[in-house]
>>> print(open('query-v8.tsv').read())   # TSV, C-alpha atoms and all ligand atoms
chain	number	residue	atom	x	y	z
A	9	MET	CA	-26.67	-16.67	-5.09
A	10	THR	CA	-23.72	-17.56	-7.31
A	11	SER	CA	-21.88	-14.45	-6.24
A	12	GLN	CA	-22.28	-15.51	-2.63
A	13	ILE	CA	-20.77	-18.89	-3.36
A	14	SER	CA	-17.79	-17.50	-5.23
A	15	GLN	CA	-17.30	-14.94	-2.48
A	16	ALA	CA	-16.99	-17.71	0.08
A	17	THR	CA	-14.42	-19.64	-1.93
A	18	LYS	CA	-12.27	-16.66	-2.76
A	19	LYS	CA	-9.24	-16.15	-0.57
A	20	ARG	CA	-9.13	-12.97	1.44
A	21	ILE	CA	-6.23	-10.63	0.87
A	22	LEU	CA	-5.50	-7.52	2.88
A	23	SER	CA	-3.00	-4.73	2.50
A	24	GLY	CA	-2.45	-1.16	3.57
A	25	ALA	CA	-0.45	1.89	2.47
A	26	LYS	CA	0.39	4.73	4.82
A	27	PRO	CA	-0.67	8.30	3.98
A	28	THR	CA	2.82	9.77	4.12
A	29	ALA	CA	3.05	11.93	0.99
A	30	ASP	CA	1.08	14.68	-0.72
A	31	SER	CA	0.69	12.54	-3.81
A	32	LEU	CA	1.45	9.01	-4.91
A	33	HIS	CA	4.24	8.88	-7.46
A	34	LEU	CA	4.65	6.75	-10.55
A	35	GLY	CA	6.79	4.20	-8.70
A	36	ASN	CA	4.01	3.63	-6.13
A	37	TYR	CA	1.50	3.17	-8.92
A	38	ILE	CA	3.45	0.73	-11.09
A	39	GLY	CA	5.04	-1.11	-8.16
A	40	ALA	CA	2.05	-1.48	-5.84
A	41	VAL	CA	-1.27	0.25	-6.49
A	42	ARG	CA	-1.78	-1.45	-9.83
A	43	ASN	CA	-1.26	-4.88	-8.25
A	44	TRP	CA	-4.00	-4.14	-5.76
A	45	VAL	CA	-6.33	-3.08	-8.54
A	46	ASP	CA	-5.64	-6.30	-10.43
A	47	MET	CA	-6.08	-8.50	-7.35
A	48	GLN	CA	-9.62	-7.29	-6.78
A	49	ALA	CA	-10.98	-9.65	-9.42
A	50	GLU	CA	-9.45	-12.80	-8.03
A	51	TYR	CA	-9.63	-12.21	-4.29
A	52	ASP	CA	-11.92	-11.05	-1.58
A	53	ALA	CA	-9.90	-7.89	-1.04
A	54	VAL	CA	-9.57	-5.62	1.99
A	55	PHE	CA	-7.50	-2.45	1.51
A	56	PHE	CA	-7.06	0.34	4.01
A	57	ILE	CA	-5.12	3.46	4.87
A	58	PRO	CA	-3.22	2.88	8.15
A	59	ASP	CA	-3.48	6.37	9.59
A	60	LEU	CA	-2.98	5.06	13.13
A	61	HIS	CA	0.41	3.82	11.99
A	62	ALA	CA	1.20	7.23	10.50
A	63	ILE	CA	1.24	8.85	13.96
A	64	THR	CA	3.94	6.51	15.30
A	65	VAL	CA	6.53	8.97	14.01
A	66	ASP	CA	6.55	12.76	13.95
A	67	PHE	CA	3.47	14.11	12.17
A	68	ASP	CA	1.38	17.20	11.60
A	69	PRO	CA	-2.40	16.87	12.18
A	70	ALA	CA	-3.50	19.09	9.29
A	71	GLU	CA	-1.08	17.32	6.99
A	72	LEU	CA	-2.27	13.88	8.10
A	73	ALA	CA	-5.90	14.75	7.35
A	74	LYS	CA	-5.02	16.16	3.95
A	75	ARG	CA	-2.83	13.22	2.99
A	76	THR	CA	-5.36	10.64	4.09
A	77	ARG	CA	-7.96	12.22	1.82
A	78	ILE	CA	-5.60	12.46	-1.13
A	79	VAL	CA	-4.38	8.89	-0.84
A	80	ALA	CA	-7.96	7.65	-0.54
A	81	ALA	CA	-8.98	9.61	-3.63
A	82	GLN	CA	-5.95	8.45	-5.59
A	83	TYR	CA	-6.56	4.80	-4.81
A	84	ILE	CA	-10.17	5.04	-5.90
A	85	ALA	CA	-9.18	7.00	-9.01
A	86	ALA	CA	-6.59	4.34	-9.82
A	87	GLY	CA	-9.26	1.65	-9.78
A	88	ILE	CA	-9.83	0.43	-6.24
A	89	ASP	CA	-13.56	-0.15	-6.42
A	90	PRO	CA	-15.25	0.55	-3.07
A	91	ASP	CA	-18.11	-1.78	-4.05
A	92	LYS	CA	-15.90	-4.68	-5.00
A	93	SER	CA	-13.25	-4.32	-2.30
A	94	ILE	CA	-13.59	-3.24	1.29
A	95	PHE	CA	-11.72	0.07	1.31
A	96	PHE	CA	-11.48	2.19	4.46
A	97	VAL	CA	-9.45	4.34	6.81
A	98	GLN	CA	-8.00	2.44	9.79
A	99	SER	CA	-9.01	4.98	12.47
A	100	HIS	CA	-12.66	4.63	11.40
A	101	VAL	CA	-12.67	1.06	12.65
A	102	PRO	CA	-11.94	1.17	16.39
A	103	GLU	CA	-11.49	-2.61	16.56
A	104	HIS	CA	-7.94	-2.16	15.18
A	105	ALA	CA	-6.74	-0.31	18.25
A	106	GLN	CA	-8.76	-2.59	20.52
A	107	LEU	CA	-7.31	-5.81	19.16
A	108	ALA	CA	-3.83	-4.28	19.11
A	109	TRP	CA	-4.03	-3.77	22.87
A	110	ALA	CA	-5.01	-7.39	23.43
A	111	LEU	CA	-2.13	-8.52	21.22
A	112	ASN	CA	0.30	-6.24	23.06
A	113	CYS	CA	-0.47	-8.26	26.16
A	114	ILE	CA	0.58	-11.56	24.59
A	115	THR	CA	3.70	-10.14	22.90
A	116	GLY	CA	7.04	-10.38	24.66
A	117	PHE	CA	9.01	-7.21	25.28
A	118	GLY	CA	12.11	-8.95	23.94
A	119	GLU	CA	10.19	-10.22	20.95
A	120	ALA	CA	9.11	-6.69	20.03
A	121	SER	CA	12.65	-5.41	20.66
A	122	ARG	CA	13.97	-7.71	17.96
A	123	MET	CA	11.95	-6.07	15.18
A	124	THR	CA	14.53	-4.79	12.72
A	125	GLN	CA	12.37	-1.89	11.48
A	126	PHE	CA	12.14	-0.51	15.02
A	127	LYS	CA	15.87	-0.97	15.47
A	128	ASP	CA	16.61	0.75	12.15
A	129	LYS	CA	14.26	3.63	12.83
A	130	THR	CA	15.69	4.27	16.29
A	131	GLN	CA	19.33	3.70	15.45
A	132	LYS	CA	20.08	7.32	14.65
A	133	SER	CA	18.14	9.17	17.30
A	134	GLY	CA	18.23	6.44	19.95
A	135	ALA	CA	15.36	4.41	21.43
A	136	ASP	CA	14.64	7.15	23.99
A	137	ALA	CA	13.45	9.48	21.26
A	138	ALA	CA	11.03	6.87	19.94
A	139	THR	CA	7.45	6.53	21.15
A	140	LEU	CA	5.74	3.55	22.69
A	141	GLY	CA	3.50	3.69	19.60
A	142	LEU	CA	6.45	3.07	17.29
A	143	PHE	CA	7.48	0.13	19.46
A	144	ALA	CA	3.96	-1.29	19.16
A	145	TYR	CA	3.74	-0.67	15.39
A	146	PRO	CA	4.03	-4.41	14.57
A	147	THR	CA	1.27	-5.52	16.95
A	148	LEU	CA	-1.10	-2.93	15.47
A	149	MET	CA	-0.23	-4.30	12.06
A	150	ALA	CA	-0.92	-7.83	13.31
A	151	ALA	CA	-4.32	-6.63	14.52
A	152	ASP	CA	-5.04	-5.13	11.06
A	153	ILE	CA	-4.46	-8.50	9.50
A	154	LEU	CA	-6.00	-10.86	12.08
A	155	LEU	CA	-9.28	-8.94	12.47
A	156	TYR	CA	-10.30	-9.94	8.95
A	157	GLN	CA	-9.30	-13.63	9.02
A	158	THR	CA	-6.91	-12.79	6.21
A	159	ASP	CA	-5.43	-15.60	4.09
A	160	LEU	CA	-2.84	-13.64	2.15
A	161	VAL	CA	-0.97	-10.43	2.81
A	162	PRO	CA	0.71	-8.98	-0.28
A	163	VAL	CA	3.54	-6.81	1.01
A	164	GLY	CA	7.10	-5.89	0.13
A	165	GLU	CA	10.15	-7.71	1.42
A	166	ASP	CA	10.60	-5.06	4.14
A	167	GLN	CA	7.44	-6.31	5.87
A	168	ARG	CA	8.44	-9.96	6.11
A	169	GLN	CA	9.41	-9.87	9.77
A	170	HIS	CA	6.14	-8.13	10.71
A	171	LEU	CA	4.26	-10.92	8.95
A	172	GLU	CA	6.25	-13.54	10.81
A	173	LEU	CA	5.31	-11.89	14.11
A	174	THR	CA	1.66	-11.79	13.01
A	175	ARG	CA	1.71	-15.53	12.32
A	176	ASN	CA	3.36	-16.24	15.67
A	177	LEU	CA	0.79	-14.16	17.53
A	178	ALA	CA	-2.10	-15.85	15.72
A	179	GLN	CA	-0.77	-19.30	16.58
A	180	ARG	CA	-0.01	-18.31	20.15
A	181	PHE	CA	-3.50	-16.92	20.67
A	182	ASN	CA	-5.14	-19.94	19.05
A	183	THR	CA	-3.15	-22.35	21.22
A	184	ARG	CA	-3.79	-20.54	24.45
A	185	PHE	CA	-7.41	-19.38	24.02
A	186	GLY	CA	-8.85	-21.69	21.35
A	187	HIS	CA	-8.92	-21.37	17.58
A	188	THR	CA	-9.82	-17.79	16.75
A	189	PHE	CA	-7.57	-16.50	13.98
A	190	THR	CA	-6.73	-17.61	10.47
A	191	VAL	CA	-2.93	-17.83	10.31
A	192	PRO	CA	-2.06	-15.63	7.32
A	193	GLU	CA	0.53	-16.32	4.64
A	194	ALA	CA	2.90	-13.60	3.54
A	195	THR	CA	2.93	-13.19	-0.20
A	196	ILE	CA	6.04	-11.18	-0.67
A	197	VAL	CA	5.34	-9.41	-3.91
A	198	LYS	CA	8.36	-8.87	-6.01
A	199	GLU	CA	7.45	-5.51	-7.40
A	200	SER	CA	6.04	-6.24	-10.81
A	201	ALA	CA	8.36	-3.56	-12.09
A	202	LYS	CA	10.77	-1.45	-10.14
A	203	ILE	CA	10.83	2.17	-11.23
A	204	TYR	CA	13.97	4.22	-10.71
A	205	ASP	CA	14.66	7.90	-10.18
A	206	LEU	CA	14.64	9.71	-13.53
A	207	GLN	CA	17.66	11.80	-12.59
A	208	ASN	CA	19.54	9.09	-10.72
A	209	PRO	CA	18.53	5.71	-12.16
A	210	SER	CA	20.59	3.77	-9.62
A	211	ALA	CA	18.12	4.78	-6.87
A	212	LYS	CA	14.47	3.80	-6.58
A	213	MET	CA	11.93	6.49	-7.44
A	214	SER	CA	10.92	7.89	-4.06
A	215	LYS	CA	9.30	10.84	-2.39
A	216	THR	CA	12.64	11.86	-0.93
A	217	GLY	CA	14.79	11.82	-4.06
A	218	GLU	CA	17.41	14.53	-4.42
A	219	SER	CA	15.92	16.22	-7.46
A	220	PRO	CA	12.19	16.91	-7.86
A	221	ASN	CA	12.74	16.00	-11.51
A	222	GLY	CA	13.53	12.46	-10.44
A	223	ALA	CA	9.94	11.49	-9.65
A	224	ILE	CA	6.61	11.87	-11.39
A	225	GLN	CA	3.93	12.89	-8.93
A	226	LEU	CA	0.58	11.60	-10.11
A	227	LEU	CA	-1.19	14.80	-9.11
A	228	GLU	CA	1.05	17.26	-10.86
A	229	ASP	CA	0.30	18.99	-14.12
A	230	PRO	CA	0.61	16.43	-16.95
A	231	LYS	CA	2.79	18.94	-18.80
A	232	VAL	CA	5.28	18.82	-15.94
A	233	ALA	CA	5.20	15.03	-16.00
A	234	ALA	CA	5.98	15.11	-19.73
A	235	LYS	CA	8.85	17.51	-19.09
A	236	ARG	CA	10.33	15.25	-16.46
A	237	ILE	CA	10.34	12.37	-18.94
A	238	LYS	CA	11.98	14.52	-21.60
A	239	SER	CA	14.68	15.67	-19.19
A	240	ALA	CA	15.36	12.20	-17.78
A	241	VAL	CA	19.02	11.23	-17.57
A	242	THR	CA	20.07	8.87	-20.35
A	243	ASP	CA	23.20	6.86	-20.94
A	244	ALA	CA	26.29	6.85	-23.10
A	245	GLY	CA	25.80	5.48	-26.60
A	246	THR	CA	22.74	5.80	-28.82
A	247	GLU	CA	21.19	2.36	-28.99
A	248	ILE	CA	17.78	1.81	-27.41
A	249	ARG	CA	17.94	-1.53	-25.63
A	250	PHE	CA	17.28	-2.87	-22.17
A	251	ASP	CA	20.48	-3.26	-20.17
A	252	ALA	CA	20.13	-2.38	-16.51
A	253	GLU	CA	23.91	-2.38	-15.97
A	254	GLU	CA	25.14	-0.44	-18.97
A	255	LYS	CA	22.02	1.60	-19.68
A	256	PRO	CA	20.13	2.20	-16.45
A	257	GLY	CA	18.45	5.39	-17.70
A	258	ILE	CA	17.10	4.00	-20.97
A	259	SER	CA	16.18	0.72	-19.29
A	260	ASN	CA	14.10	2.61	-16.73
A	261	LEU	CA	12.28	4.49	-19.49
A	262	LEU	CA	11.60	1.21	-21.30
A	263	THR	CA	10.20	-0.32	-18.09
A	264	ILE	CA	7.88	2.65	-17.60
A	265	TYR	CA	6.82	2.56	-21.25
A	266	SER	CA	6.12	-1.15	-21.11
A	267	SER	CA	4.20	-0.88	-17.83
A	268	LEU	CA	1.92	1.85	-19.09
A	269	THR	CA	1.22	0.45	-22.56
A	270	GLY	CA	1.41	-3.32	-22.10
A	271	LYS	CA	3.94	-3.59	-24.93
A	272	THR	CA	6.78	-5.92	-24.01
A	273	ILE	CA	10.35	-4.65	-23.75
A	274	PRO	CA	11.50	-6.71	-26.81
A	275	GLU	CA	8.61	-5.24	-28.78
A	276	LEU	CA	9.73	-1.76	-27.82
A	277	GLU	CA	13.36	-2.55	-28.65
A	278	THR	CA	12.30	-3.61	-32.12
A	279	GLU	CA	10.06	-0.59	-32.55
A	280	TYR	CA	12.89	1.78	-31.64
A	281	GLN	CA	15.66	0.07	-33.56
A	282	GLY	CA	17.74	2.72	-35.31
A	283	LYS	CA	15.88	5.55	-33.61
A	284	MET	CA	17.34	8.00	-31.11
A	285	TYR	CA	16.86	8.49	-27.40
A	286	GLY	CA	14.89	11.64	-28.20
A	287	HIS	CA	12.27	9.70	-30.15
A	288	LEU	CA	11.68	7.37	-27.24
A	289	LYS	CA	11.35	10.28	-24.83
A	290	VAL	CA	8.91	12.23	-26.97
A	291	ASP	CA	6.68	9.17	-27.38
A	292	LEU	CA	6.87	8.19	-23.72
A	293	ALA	CA	6.10	11.77	-22.68
A	294	GLU	CA	2.91	11.49	-24.71
A	295	VAL	CA	2.05	8.12	-23.15
A	296	MET	CA	2.65	9.69	-19.75
A	297	VAL	CA	0.27	12.58	-20.42
A	298	GLU	CA	-2.43	10.16	-21.54
A	299	PHE	CA	-1.95	8.09	-18.42
A	300	VAL	CA	-1.69	10.89	-15.87
A	301	THR	CA	-4.50	13.12	-17.18
A	302	PRO	CA	-7.57	10.95	-16.48
A	303	LEU	CA	-6.12	9.73	-13.19
A	304	ARG	CA	-5.56	13.29	-12.05
A	305	ASP	CA	-8.97	14.46	-13.26
A	306	ARG	CA	-10.74	11.66	-11.40
A	307	THR	CA	-8.73	12.34	-8.24
A	308	ASN	CA	-9.53	16.04	-8.38
A	309	GLU	CA	-13.17	15.26	-8.97
A	310	LEU	CA	-13.26	13.14	-5.82
A	311	MET	CA	-11.31	15.75	-3.86
A	312	SER	CA	-13.75	18.47	-4.92
A	313	ASP	CA	-16.65	16.52	-3.45
A	314	PRO	CA	-15.47	15.66	0.08
A	315	ALA	CA	-18.98	14.58	1.09
A	316	GLU	CA	-18.99	11.87	-1.57
A	317	LEU	CA	-15.48	10.75	-0.63
A	318	ASP	CA	-16.50	10.61	3.03
A	319	ARG	CA	-19.56	8.59	2.09
A	320	LEU	CA	-17.45	6.04	0.20
A	321	LEU	CA	-15.07	5.74	3.15
A	322	ALA	CA	-17.93	5.44	5.63
A	323	HIS	CA	-19.40	2.66	3.52
A	324	GLY	CA	-16.03	0.90	3.59
A	325	ALA	CA	-15.68	1.32	7.35
A	326	GLU	CA	-19.15	-0.13	7.90
A	327	ARG	CA	-18.36	-3.20	5.85
A	328	ALA	CA	-15.04	-3.56	7.67
A	329	ARG	CA	-16.69	-3.31	11.08
A	330	GLU	CA	-19.13	-6.07	10.24
A	331	ILE	CA	-16.19	-8.45	10.05
A	332	ALA	CA	-13.86	-6.86	12.61
A	333	SER	CA	-16.47	-6.66	15.37
A	334	VAL	CA	-17.19	-10.38	15.15
A	335	THR	CA	-13.51	-11.25	15.52
A	336	LEU	CA	-12.98	-8.80	18.37
A	337	ALA	CA	-16.04	-10.10	20.25
A	338	GLN	CA	-14.61	-13.62	20.08
A	339	VAL	CA	-11.23	-12.42	21.27
A	340	TYR	CA	-12.73	-10.53	24.21
A	341	GLU	CA	-14.89	-13.43	25.24
A	342	ARG	CA	-12.04	-15.94	25.06
A	343	MET	CA	-9.74	-13.68	27.03
A	344	GLY	CA	-12.30	-13.54	29.81
A	345	PHE	CA	-13.75	-10.05	29.47
A	346	LEU	CA	-17.32	-9.84	30.69
A	347	PRO	CA	-19.84	-9.18	27.95
A	348	SER	CA	-20.72	-5.48	27.93
A	349	LEU	CA	-24.35	-4.90	27.05
A	350	SER	CA	-23.92	-1.15	26.91
A	351	LEU	CA	-21.05	-1.37	24.43
A	352	ALA	CA	-22.97	-3.83	22.29
A	353	GLY	CA	-25.73	-1.23	22.06
A	354	VAL	CA	-23.46	1.61	21.01
A	355	ARG	CA	-22.06	-0.25	18.07
B	1	LIG	N1	3.59	-1.52	7.57
B	1	LIG	C1	3.07	-1.41	6.23
B	1	LIG	C2	4.05	-0.58	5.39
B	1	LIG	O1	4.78	0.22	5.93
B	1	LIG	C3	1.71	-0.77	6.20
B	1	LIG	C4	0.69	-1.63	6.89
B	1	LIG	C5	0.07	-1.37	8.08
B	1	LIG	C6	0.22	-2.88	6.43
B	1	LIG	N2	-0.78	-2.40	8.40
B	1	LIG	C7	-0.71	-3.34	7.41
B	1	LIG	C8	0.49	-3.65	5.28
B	1	LIG	C9	-1.34	-4.56	7.28
B	1	LIG	C10	-0.16	-4.88	5.16
B	1	LIG	C11	-1.06	-5.33	6.14
B	1	LIG	O2	4.06	-0.71	4.20
>>> encode(input="query-v8.tsv", output="structure tokens")
Amino acid sequence: MTSQISQATKKRILSGAKPTADSLHLGNYIGAVRNWVDMQAEYDAVFFIPDLHAITVDFDPAELAKRTRIVAAQYIAAGIDPDKSIFFVQSHVPEHAQLAWALNCITGFGEASRMTQFKDKTQKSGADAATLGLFAYPTLMAADILLYQTDLVPVGEDQRQHLELTRNLAQRFNTRFGHTFTVPEATIVKESAKIYDLQNPSAKMSKTGESPNGAIQLLEDPKVAAKRIKSAVTDAGTEIRFDAEEKPGISNLLTIYSSLTGKTIPELETEYQGKMYGHLKVDLAEVMVEFVTPLRDRTNELMSDPAELDRLLAHGAERAREIASVTLAQVYERMGFLPSLSLAGVR
């Protein structure tokens, strides 16, 4: 009873992360995944893997399937609890594509043409090389959000314009067809900690960095992760202190250390006063092994039992559909579609 009450008063958050790499890296974990894990306690959370969005650019089917599984397993291993949160794969919930179509039909062509991500992505190869799917990326994203009557959408700064469009579409629909959608707020999350490339600490850690040594892949051998820490680029001088300008390499290592242990940067500075860069690296390498090992083991365990992983994702999709189907039914009715008894039965 009490849990029902608190559930109703909790705000709903929703976010998604595309399955575009063979493993999450440390920057993804510290910058984003961990925030999701923490938010589960305070919010009614919906998290999903937008695989429909992943096919808006060039893709390989076998790769997509593999990556979707890995990302799902890594999120669960990292602490997304499929009982607490609703966690699912977008293509398992057909209402996303269905609502997206309805939204496409109330979105202006010019309005969609002004999306800066589309413009950026098509700048090099030209709009003719892009697909209609890429053009409609933002309306599919709006559907993701509006289906669940979402209050808050924690996303990075790069998604701000997509959120603005989502709010506009929600208001437009509500005005024209009657109140149907919660108008969501963007909560632009300043990454709790930005992690930089270990070989080039002026660039963000990414999956496309120049050197493989620049990033720590969460699925790689913990020994390799330790080696990457030990071979990280450091700065001139010997003092261990946080100074992003003068000492980007050491500062990055301190940020990682602090993020994984909960010790503050000043605490670490005190602890390493008079010590050498090498000491810091050896200790952090050890911290890294302790962090990566259980995460990797749990991910591999999930990956080795695909039936169990599928069951967890099916459970998530069912819970998602319970909400999404109600919203879509309202949308269809208000837009004037005749009720379909046969479709209602198939659900
Ligand atoms: N566009 C988001 C990104 O690239 C991913 C995404 C798809 C998303 N649908 C969403 C994020 C809905 C938040 C809410 O990061």
>>> atom_distance(input="query-v8.tsv", atom1="CA of Leu22 (chain A)", atom2="CA of Thr216 (chain A)")
26.8 Å
>>> atom_distance(input="query-v8.tsv", atom1="atom C5 of ligand LIG 1 (chain B)", atom2="CA of Pro90 (chain A)")
19.0 Å
>>> residues_near_point(input="query-v8.tsv", point="(-3.7, -10.8, 26.4)", cutoff="10 Å", atoms="all atoms listed in the file", output="ChimeraX atom specification")
/A:107-115,181,184-185,339-340,342-344
>>> residues_near_ligand(input="query-v8.tsv", ligand="ligand LIG 1 (chain B)", cutoff="10 Å", atoms="only C-alpha atoms and all ligand atoms", output="JSON, numbers by chain")
{"A": [21, 22, 23, 24, 25, 26, 27, 28, 54, 55, 56, 57, 58, 59, 60, 61, 62, 98, 104, 125, 145, 146, 147, 148, 149, 150, 151, 152, 153, 154, 158, 160, 161, 162, 163, 164, 165, 166, 167, 168, 170, 171, 174, 194]}
>>> axis_aligned_box(input="query-v8.tsv", around="region 240-253 of chain A", padding_each_side="3 Å", output="JSON")
{"center_x": 20.8, "center_y": 4.5, "center_z": -22.5, "size_x": 16.9, "size_y": 21.5, "size_z": 19.0}
>>> residues_near_point(input="query-v8.tsv", point="(-9.4, 5.2, -9.5)", cutoff="12 Å", atoms="only C-alpha atoms", output="ChimeraX atom specification")
/A:37,41-42,44-45,78-90,226,299-300,302-310
>>> write_last_selection(input="query-v8.tsv", atoms="C-alpha atoms", output="short mmCIF file (atom, residue, chain, number, x, y, z; two decimals), keeping the file's coordinate frame")
data_model
loop_
_atom_site.label_atom_id
_atom_site.label_comp_id
_atom_site.auth_asym_id
_atom_site.auth_seq_id
_atom_site.Cartn_x
_atom_site.Cartn_y
_atom_site.Cartn_z
CA TYR A 37 1.50 3.17 -8.92
CA VAL A 41 -1.27 0.25 -6.49
CA ARG A 42 -1.78 -1.45 -9.83
CA TRP A 44 -4.00 -4.14 -5.76
CA VAL A 45 -6.33 -3.08 -8.54
CA ILE A 78 -5.60 12.46 -1.13
CA VAL A 79 -4.38 8.89 -0.84
CA ALA A 80 -7.96 7.65 -0.54
CA ALA A 81 -8.98 9.61 -3.63
CA GLN A 82 -5.95 8.45 -5.59
CA TYR A 83 -6.56 4.80 -4.81
CA ILE A 84 -10.17 5.04 -5.90
CA ALA A 85 -9.18 7.00 -9.01
CA ALA A 86 -6.59 4.34 -9.82
CA GLY A 87 -9.26 1.65 -9.78
CA ILE A 88 -9.83 0.43 -6.24
CA ASP A 89 -13.56 -0.15 -6.42
CA PRO A 90 -15.25 0.55 -3.07
CA LEU A 226 0.58 11.60 -10.11
CA PHE A 299 -1.95 8.09 -18.42
CA VAL A 300 -1.69 10.89 -15.87
CA PRO A 302 -7.57 10.95 -16.48
CA LEU A 303 -6.12 9.73 -13.19
CA ARG A 304 -5.56 13.29 -12.05
CA ASP A 305 -8.97 14.46 -13.26
CA ARG A 306 -10.74 11.66 -11.40
CA THR A 307 -8.73 12.34 -8.24
CA ASN A 308 -9.53 16.04 -8.38
CA GLU A 309 -13.17 15.26 -8.97
CA LEU A 310 -13.26 13.14 -5.82
#
>>> atom_distance(input="query-v8.tsv", atom1="CA of Ile248 (chain A)", atom2="CA of Ile264 (chain A)")
14.0 Å
>>> closest_residue(input="query-v8.tsv", among="A:Thr188, A:Ala252, A:Ala293, A:Pro209", to="Lys238 (chain A)", atoms="all atoms listed in the file")
A:Ala293
>>> residues_around(input="query-v8.tsv", residues="Leu276 (chain A)", least_positions_apart="2", cutoff="10 Å", atoms="all atoms listed in the file", output="list in words")
Ile248, Arg249, Phe250, Leu262, Thr263, Tyr265, Ser266, Lys271, Thr272, Ile273, Pro274, Thr278, Glu279, Tyr280, Gln281 and Leu288 of chain A
>>> write_last_selection(input="query-v8.tsv", atoms="C-alpha atoms", output="CSV table (one decimal), keeping the file's coordinate frame")
chain,number,residue,atom,x,y,z
A,248,ILE,CA,17.8,1.8,-27.4
A,249,ARG,CA,17.9,-1.5,-25.6
A,250,PHE,CA,17.3,-2.9,-22.2
A,262,LEU,CA,11.6,1.2,-21.3
A,263,THR,CA,10.2,-0.3,-18.1
A,265,TYR,CA,6.8,2.6,-21.2
A,266,SER,CA,6.1,-1.2,-21.1
A,271,LYS,CA,3.9,-3.6,-24.9
A,272,THR,CA,6.8,-5.9,-24.0
A,273,ILE,CA,10.4,-4.6,-23.8
A,274,PRO,CA,11.5,-6.7,-26.8
A,278,THR,CA,12.3,-3.6,-32.1
A,279,GLU,CA,10.1,-0.6,-32.6
A,280,TYR,CA,12.9,1.8,-31.6
A,281,GLN,CA,15.7,0.1,-33.6
A,288,LEU,CA,11.7,7.4,-27.2
>>> residues_around(input="query-v8.tsv", residues="Thr242 (chain A)", least_positions_apart="6", cutoff="9 Å", atoms="all atoms listed in the file", output="number ranges by chain")
A: 206-207, 209, 255-258, 261, 285
>>> closest_residue(input="query-v8.tsv", among="A:Ser312, A:Gln225, A:Ser210, A:Thr190", to="Arg77 (chain A)", atoms="only C-alpha atoms")
A:Ser312
>>> closest_residue(input="query-v8.tsv", among="A:Thr195, A:Ser267, A:Ser239, A:Thr130", to="Gly39 (chain A)", atoms="all atoms listed in the file")
A:Ser267
>>> residues_around(input="query-v8.tsv", residues="Ala178 (chain A)", least_positions_apart="2", cutoff="6 Å", atoms="only C-alpha atoms", output="MDAnalysis selection string")
chainID A and resid 175:176 180:181 189 191
>>> closest_residue(input="query-v8.tsv", among="A:Asp318, A:Glu326, A:Glu50, A:Glu172", to="Glu193 (chain A)", atoms="only C-alpha atoms")
A:Glu172
>>> closest_residue(input="query-v8.tsv", among="A:Lys215, A:Val334, A:Pro230, A:Ala137", to="Asp66 (chain A)", atoms="only C-alpha atoms")
A:Ala137
>>> closest_residue(input="query-v8.tsv", among="A:Val65, A:Gln157, A:Lys212, A:Thr246", to="Phe143 (chain A)", atoms="only C-alpha atoms")
A:Val65
